[in-house]
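One structure is given below, encoded as structure tokens.
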Amino acid sequence: MPTLQTQGAWRDDEQHMAPVSGLLTHAIDAHEPREGMQLARISFEILGVIPARETRVQVRTARPGRTIELVEATLSVDDRVAVQAQAWRLATHDSAPVAGVELDGIPGPDELEPWDGADTWRGGYIRGLEFRVDPQRRPGRAIAWIRTPNALVDGESCSPTADLVRLVDTANGIAVRVSPDEWMFPNLDLAIHLFREPVRGWVGFDTRVSMGTTGLGLTSTTLHDEQGPVGRAEQVLTVRRLHP
């Protein structure tokens with residue numbers, strides 16, 4: 001059952017995709033776990049509004065393998081699939097001799113300023129977040145850190161990866177190009193690629209938002225933990241005027 005902390009930003013009766021993606025990641029983590037496997041990519045297809053009602057998750061292994069496997073999950077409300085997820089899990093190996101990162105770092109959370117996300121967005125999910133943002137941010141470009149004291153699932157602990165994933169969908173709301181009171185720009189998907197396991201704590205966003213002239217948009221983010229860059233996220237947007 002979703003709580004008020006899952007409430008979406010555009011409708012009071014919907015779940016925000018961020019905690020939904022965390023729930024699916026948590027379920028995938030618990031599905032046939034094997035030591036030495038790590039999540040390298042997880043993608044979500046958002047098939048419509050996610051009602052804030054009793055929610056069911058199902059998981060299966062689509063492509064088993066000793067070193068590479070594909071796991072699929074669905075999230076349903078009222079017997080309708082609302083979100084589909086696919087995750088590649090890879091076996092860990094020692095690649096330290098060739099390790100290197102070509103993604104730029106960002107200032108840490110202590111170097112940025114507090115921001116009240118509820119000044120821009122409605123909903124119980126946003127009200128449950130703590131933000132630090134770059135004061136030089138501008139429409140379409142922002143650096144921010146986010147964390148929450150709320151548990152993903154009451155009475156259960158989740159992995160550091162699920163702890164990060166459950167915040168990533170917030171990226172589409174921290175560098176908005178236009179007011180969400182005048183335009184809608186929800187994402188239809190979320191694709192996250194990781195090159196190492198994150199550490200638990202603040203999640204950093206180095207986010208750019210682009211919008212075309214025919215109703216399409218793209219939110220692109222380099223993801224960070226407090227040790228540095230950890231991966232990338234992309235979100236395709238449908239851009240629509242709220243009051244034509």
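Just so we're on the same page: first chain in the structure tokens is A, next is B, and so on; residues restart at 1 for each chain, and ligands are numbered from 1 in the order they show up.
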
Go through range 42-76 of chain A and flag each residue having an atom no more than 7 Å from range 176-195 of chain A; for those, report the closest pair of atoms plus their distance in Å to one decimal, using only C-alpha atoms, ordered by chain and rising number, as a Markdown table.
```
| residue | atom | partner | partner_atom | distance |
| --- | --- | --- | --- | --- |
| A:Ile42 | CA | A:Ile192 | CA | 5.4 |
| A:Ser43 | CA | A:Ala191 | CA | 4.2 |
| A:Phe44 | CA | A:Leu190 | CA | 5.1 |
| A:Glu45 | CA | A:Asp189 | CA | 4.7 |
| A:Ile46 | CA | A:Leu188 | CA | 5.2 |
```

Within 8 Å of Val209 in chain A using only C-alpha atoms, minus same-chain residues under 6 positions, as a PyMOL selection string: chain A and resi 140-141+172+175-177+217-220

Using only all heavy atoms, please write the residues we just selected to a file, as a PDB file, in the first residue's frame.
```pdb
ATOM      1  N   GLY A 140      16.577  24.571 -17.004  1.00  0.00           N
ATOM      2  CA  GLY A 140      17.190  23.576 -17.879  1.00  0.00           C
ATOM      3  C   GLY A 140      18.547  23.083 -17.434  1.00  0.00           C
ATOM      4  O   GLY A 140      19.111  22.186 -18.069  1.00  0.00           O
ATOM      5  N   ARG A 141      19.087  23.624 -16.340  1.00  0.00           N
ATOM      6  CA  ARG A 141      20.433  23.212 -15.898  1.00  0.00           C
ATOM      7  C   ARG A 141      20.532  23.357 -14.390  1.00  0.00           C
ATOM      8  O   ARG A 141      20.290  24.443 -13.848  1.00  0.00           O
ATOM      9  CB  ARG A 141      21.478  24.096 -16.590  1.00  0.00           C
ATOM     10  CG  ARG A 141      22.929  23.751 -16.235  1.00  0.00           C
ATOM     11  CD  ARG A 141      23.352  22.468 -16.949  1.00  0.00           C
ATOM     12  NE  ARG A 141      24.762  22.184 -16.697  1.00  0.00           N
ATOM     13  CZ  ARG A 141      25.210  21.450 -15.666  1.00  0.00           C
ATOM     14  NH1 ARG A 141      24.343  20.941 -14.811  1.00  0.00           N
ATOM     15  NH2 ARG A 141      26.492  21.221 -15.511  1.00  0.00           N
ATOM     16  N   ASN A 172      13.846  14.977 -13.136  1.00  0.00           N
ATOM     17  CA  ASN A 172      13.010  15.736 -14.066  1.00  0.00           C
ATOM     18  C   ASN A 172      12.367  16.955 -13.416  1.00  0.00           C
ATOM     19  O   ASN A 172      11.787  17.787 -14.110  1.00  0.00           O
ATOM     20  CB  ASN A 172      11.918  14.832 -14.659  1.00  0.00           C
ATOM     21  CG  ASN A 172      11.217  15.479 -15.827  1.00  0.00           C
ATOM     22  OD1 ASN A 172      11.838  16.177 -16.631  1.00  0.00           O
ATOM     23  ND2 ASN A 172       9.921  15.265 -15.942  1.00  0.00           N
ATOM     24  N   ALA A 175      15.512  20.782 -12.584  1.00  0.00           N
ATOM     25  CA  ALA A 175      16.084  21.733 -13.547  1.00  0.00           C
ATOM     26  C   ALA A 175      15.019  22.136 -14.560  1.00  0.00           C
ATOM     27  O   ALA A 175      15.267  22.204 -15.762  1.00  0.00           O
ATOM     28  CB  ALA A 175      17.294  21.127 -14.255  1.00  0.00           C
ATOM     29  N   VAL A 176      13.818  22.416 -14.065  1.00  0.00           N
ATOM     30  CA  VAL A 176      12.688  22.651 -14.961  1.00  0.00           C
ATOM     31  C   VAL A 176      12.936  23.868 -15.841  1.00  0.00           C
ATOM     32  O   VAL A 176      13.463  24.887 -15.398  1.00  0.00           O
ATOM     33  CB  VAL A 176      11.377  22.832 -14.160  1.00  0.00           C
ATOM     34  CG1 VAL A 176      11.038  21.553 -13.443  1.00  0.00           C
ATOM     35  CG2 VAL A 176      11.471  23.977 -13.163  1.00  0.00           C
ATOM     36  N   ARG A 177      12.549  23.745 -17.108  1.00  0.00           N
ATOM     37  CA  ARG A 177      12.689  24.856 -18.044  1.00  0.00           C
ATOM     38  C   ARG A 177      11.493  25.800 -17.976  1.00  0.00           C
ATOM     39  O   ARG A 177      11.605  26.989 -18.314  1.00  0.00           O
ATOM     40  CB  ARG A 177      12.848  24.335 -19.475  1.00  0.00           C
ATOM     41  CG  ARG A 177      14.064  23.463 -19.709  1.00  0.00           C
ATOM     42  CD  ARG A 177      14.312  23.268 -21.200  1.00  0.00           C
ATOM     43  NE  ARG A 177      14.670  24.517 -21.828  1.00  0.00           N
ATOM     44  CZ  ARG A 177      15.919  24.986 -21.920  1.00  0.00           C
ATOM     45  NH1 ARG A 177      16.922  24.300 -21.403  1.00  0.00           N
ATOM     46  NH2 ARG A 177      16.157  26.126 -22.509  1.00  0.00           N
ATOM     47  N   GLY A 217      10.853  16.054 -25.139  1.00  0.00           N
ATOM     48  CA  GLY A 217      11.916  16.571 -24.290  1.00  0.00           C
ATOM     49  C   GLY A 217      12.794  15.452 -23.781  1.00  0.00           C
ATOM     50  O   GLY A 217      12.472  14.258 -23.915  1.00  0.00           O
ATOM     51  N   LEU A 218      13.938  15.829 -23.178  1.00  0.00           N
ATOM     52  CA  LEU A 218      14.893  14.851 -22.663  1.00  0.00           C
ATOM     53  C   LEU A 218      15.566  15.427 -21.420  1.00  0.00           C
ATOM     54  O   LEU A 218      16.114  16.527 -21.458  1.00  0.00           O
ATOM     55  CB  LEU A 218      15.950  14.516 -23.711  1.00  0.00           C
ATOM     56  CG  LEU A 218      17.037  13.524 -23.290  1.00  0.00           C
ATOM     57  CD1 LEU A 218      16.451  12.142 -23.056  1.00  0.00           C
ATOM     58  CD2 LEU A 218      18.149  13.456 -24.343  1.00  0.00           C
ATOM     59  N   THR A 219      15.497  14.686 -20.321  1.00  0.00           N
ATOM     60  CA  THR A 219      16.227  15.032 -19.103  1.00  0.00           C
ATOM     61  C   THR A 219      17.395  14.072 -18.966  1.00  0.00           C
ATOM     62  O   THR A 219      17.197  12.851 -18.917  1.00  0.00           O
ATOM     63  CB  THR A 219      15.315  14.954 -17.862  1.00  0.00           C
ATOM     64  OG1 THR A 219      14.289  15.935 -17.981  1.00  0.00           O
ATOM     65  CG2 THR A 219      16.097  15.209 -16.595  1.00  0.00           C
ATOM     66  N   SER A 220      18.609  14.621 -18.914  1.00  0.00           N
ATOM     67  CA  SER A 220      19.840  13.824 -18.870  1.00  0.00           C
ATOM     68  C   SER A 220      20.611  14.168 -17.603  1.00  0.00           C
ATOM     69  O   SER A 220      20.834  15.348 -17.309  1.00  0.00           O
ATOM     70  CB  SER A 220      20.710  14.127 -20.096  1.00  0.00           C
ATOM     71  OG  SER A 220      19.998  13.885 -21.294  1.00  0.00           O
TER      72      SER A 220
END
```

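Residues surrounding Thr170 in chain A within 10 Å are His16, Met17, Ala18, Pro19, Tyr125, Ile126, Leu129, Ile146, Val165, Arg166, Leu167, Gly173, Ile174, Ala175 and Phe205 of chain A [only C-alpha atoms; sequence separation below 3 positions excluded].
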
Write to file, as a tab-separated table (two decimals), in the first residue's frame, the residues of the selection just made, with C-alpha atoms.
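Contents of part36.tsv, freshly written:
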```
chain	number	residue	atom	x	y	z
A	16	HIS	CA	5.31	9.45	-8.01
A	17	MET	CA	7.56	7.35	-10.23
A	18	ALA	CA	10.58	7.79	-7.95
A	19	PRO	CA	9.42	5.57	-5.06
A	125	TYR	CA	6.77	12.69	-2.16
A	126	ILE	CA	8.45	16.06	-2.70
A	129	LEU	CA	12.84	15.17	0.52
A	146	ILE	CA	18.78	14.87	-2.47
A	165	VAL	CA	17.27	4.47	-7.64
A	166	ARG	CA	14.27	5.50	-5.54
A	167	LEU	CA	15.35	9.16	-5.87
A	173	GLY	CA	11.87	18.22	-11.42
A	174	ILE	CA	15.09	19.94	-10.34
A	175	ALA	CA	16.08	21.73	-13.55
A	205	PHE	CA	22.31	15.15	-9.74
```

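Between CA of Trp115 in chain A and CA of Arg208 in chain A there is a distance of 18.2 Å.
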
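Listed by chain and then by rising number, the residues of range 100-208 of chain A that DSSP assigns to helix (DSSP H, G or I) from the backbone are Pro109, Asp110, Glu111, Gly117, Ala118, Asp119, Gly124, Tyr125, Ile126, Arg127, Pro160, Thr161, Ala162, Asp163, Leu164, Val165, Arg166, Leu167, Val168, Asp169, Thr170, Ala171, Asn172 and Gly173 of chain A.
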
Selection from above, N, CA, C and O atoms, as a compact mmCIF listing (two decimals), in the first residue's frame, can you write it?
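Listed below is the output, selection.txt:
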```txt
# COMPACT_ATOMS: atom_id res chain seq x y z
N PRO A 109 27.28 18.19 -1.04
CA PRO A 109 26.05 18.78 -0.49
C PRO A 109 26.31 19.90 0.50
O PRO A 109 25.53 20.85 0.60
N ASP A 110 27.41 19.83 1.26
CA ASP A 110 27.71 20.88 2.23
C ASP A 110 28.12 22.19 1.57
O ASP A 110 28.15 23.24 2.23
N GLU A 111 28.45 22.14 0.28
CA GLU A 111 28.86 23.35 -0.44
C GLU A 111 27.70 24.05 -1.13
O GLU A 111 27.89 25.13 -1.70
N GLY A 117 11.72 22.11 -2.19
CA GLY A 117 11.11 21.65 -3.44
C GLY A 117 9.63 21.92 -3.52
O GLY A 117 9.05 22.02 -4.61
N ALA A 118 8.97 22.04 -2.35
CA ALA A 118 7.53 22.28 -2.34
C ALA A 118 7.18 23.68 -2.84
O ALA A 118 6.01 23.96 -3.12
N ASP A 119 8.19 24.56 -2.98
CA ASP A 119 7.93 25.86 -3.59
C ASP A 119 7.61 25.73 -5.07
O ASP A 119 6.97 26.61 -5.65
N GLY A 124 3.07 14.71 -1.62
CA GLY A 124 3.71 14.19 -0.43
C GLY A 124 5.12 13.68 -0.67
O GLY A 124 5.96 13.73 0.23
N TYR A 125 5.41 13.17 -1.88
CA TYR A 125 6.77 12.69 -2.16
C TYR A 125 7.77 13.83 -2.04
O TYR A 125 8.79 13.70 -1.35
N ILE A 126 7.51 14.94 -2.70
CA ILE A 126 8.45 16.06 -2.70
C ILE A 126 8.62 16.61 -1.28
O ILE A 126 9.73 16.98 -0.87
N ARG A 127 7.53 16.66 -0.51
CA ARG A 127 7.62 17.20 0.84
C ARG A 127 8.49 16.34 1.76
O ARG A 127 8.96 16.81 2.80
N PRO A 160 21.94 -0.31 -1.11
CA PRO A 160 22.35 1.04 -1.50
C PRO A 160 21.93 1.40 -2.93
O PRO A 160 21.62 2.56 -3.21
N THR A 161 21.86 0.41 -3.82
CA THR A 161 21.43 0.68 -5.18
C THR A 161 19.96 1.08 -5.22
O THR A 161 19.58 2.07 -5.86
N ALA A 162 19.11 0.32 -4.54
CA ALA A 162 17.69 0.69 -4.49
C ALA A 162 17.50 2.02 -3.78
O ALA A 162 16.61 2.81 -4.15
N ASP A 163 18.33 2.30 -2.80
CA ASP A 163 18.25 3.57 -2.08
C ASP A 163 18.55 4.74 -3.01
O ASP A 163 17.97 5.82 -2.86
N LEU A 164 19.46 4.54 -3.97
CA LEU A 164 19.73 5.57 -4.97
C LEU A 164 18.63 5.64 -6.01
O LEU A 164 18.12 6.72 -6.33
N VAL A 165 18.25 4.49 -6.54
CA VAL A 165 17.27 4.47 -7.64
C VAL A 165 15.97 5.12 -7.22
O VAL A 165 15.31 5.81 -8.01
N ARG A 166 15.56 4.97 -5.97
CA ARG A 166 14.27 5.50 -5.54
C ARG A 166 14.20 7.02 -5.55
O ARG A 166 13.13 7.59 -5.36
N LEU A 167 15.34 7.70 -5.79
CA LEU A 167 15.35 9.16 -5.87
C LEU A 167 15.60 9.68 -7.28
O LEU A 167 15.41 10.86 -7.55
N VAL A 168 16.03 8.82 -8.20
CA VAL A 168 16.54 9.28 -9.49
C VAL A 168 15.48 9.97 -10.33
O VAL A 168 15.76 10.96 -11.02
N ASP A 169 14.24 9.49 -10.29
CA ASP A 169 13.21 10.10 -11.13
C ASP A 169 12.96 11.56 -10.77
O ASP A 169 12.40 12.31 -11.56
N THR A 170 13.42 11.99 -9.59
CA THR A 170 13.30 13.39 -9.18
C THR A 170 14.06 14.31 -10.11
O THR A 170 13.79 15.52 -10.15
N ALA A 171 15.00 13.78 -10.89
CA ALA A 171 15.82 14.61 -11.78
C ALA A 171 14.97 15.48 -12.68
O ALA A 171 15.33 16.64 -12.97
N ASN A 172 13.85 14.98 -13.14
CA ASN A 172 13.01 15.74 -14.07
C ASN A 172 12.37 16.96 -13.42
O ASN A 172 11.79 17.79 -14.11
N GLY A 173 12.50 17.09 -12.10
CA GLY A 173 11.87 18.22 -11.42
C GLY A 173 12.82 19.23 -10.82
O GLY A 173 12.38 20.19 -10.21
```

Those in range 53-125 of chain A with strand (DSSP E) from DSSP, as a count of residues only: 34

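The coordinates place CA of Glu35 in chain A at 14.8 Å from CA of Pro64 in chain A.
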
Selection: 12 Å around range 228-230 of chain A, only C-alpha atoms, excl. self and same-chain fewer than 2 positions, as a PyMOL selection string: chain A and resi 40-41+100-109+160-161+164-165+192-200+202-206+221-226+232-233

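Of the residues listed (A:Gln38, A:Thr55, A:Gln136, A:Thr74), A:Gln38 shows the shortest atom-to-atom separation from Thr92 in chain A; distances use only C-alpha atoms.
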
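We find CA of Ala27 in chain A and CA of Gln58 in chain A to be spaced 8.1 Å apart.
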
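For Ile28 in chain A, the residues within 9 Å (counting only C-alpha atoms, excluding itself and residues fewer than 4 positions away along the chain) are Leu23, Leu24, Glu32, Pro33, Val59, Arg60, Val71, Glu72, Ala73 and Ala87 of chain A.
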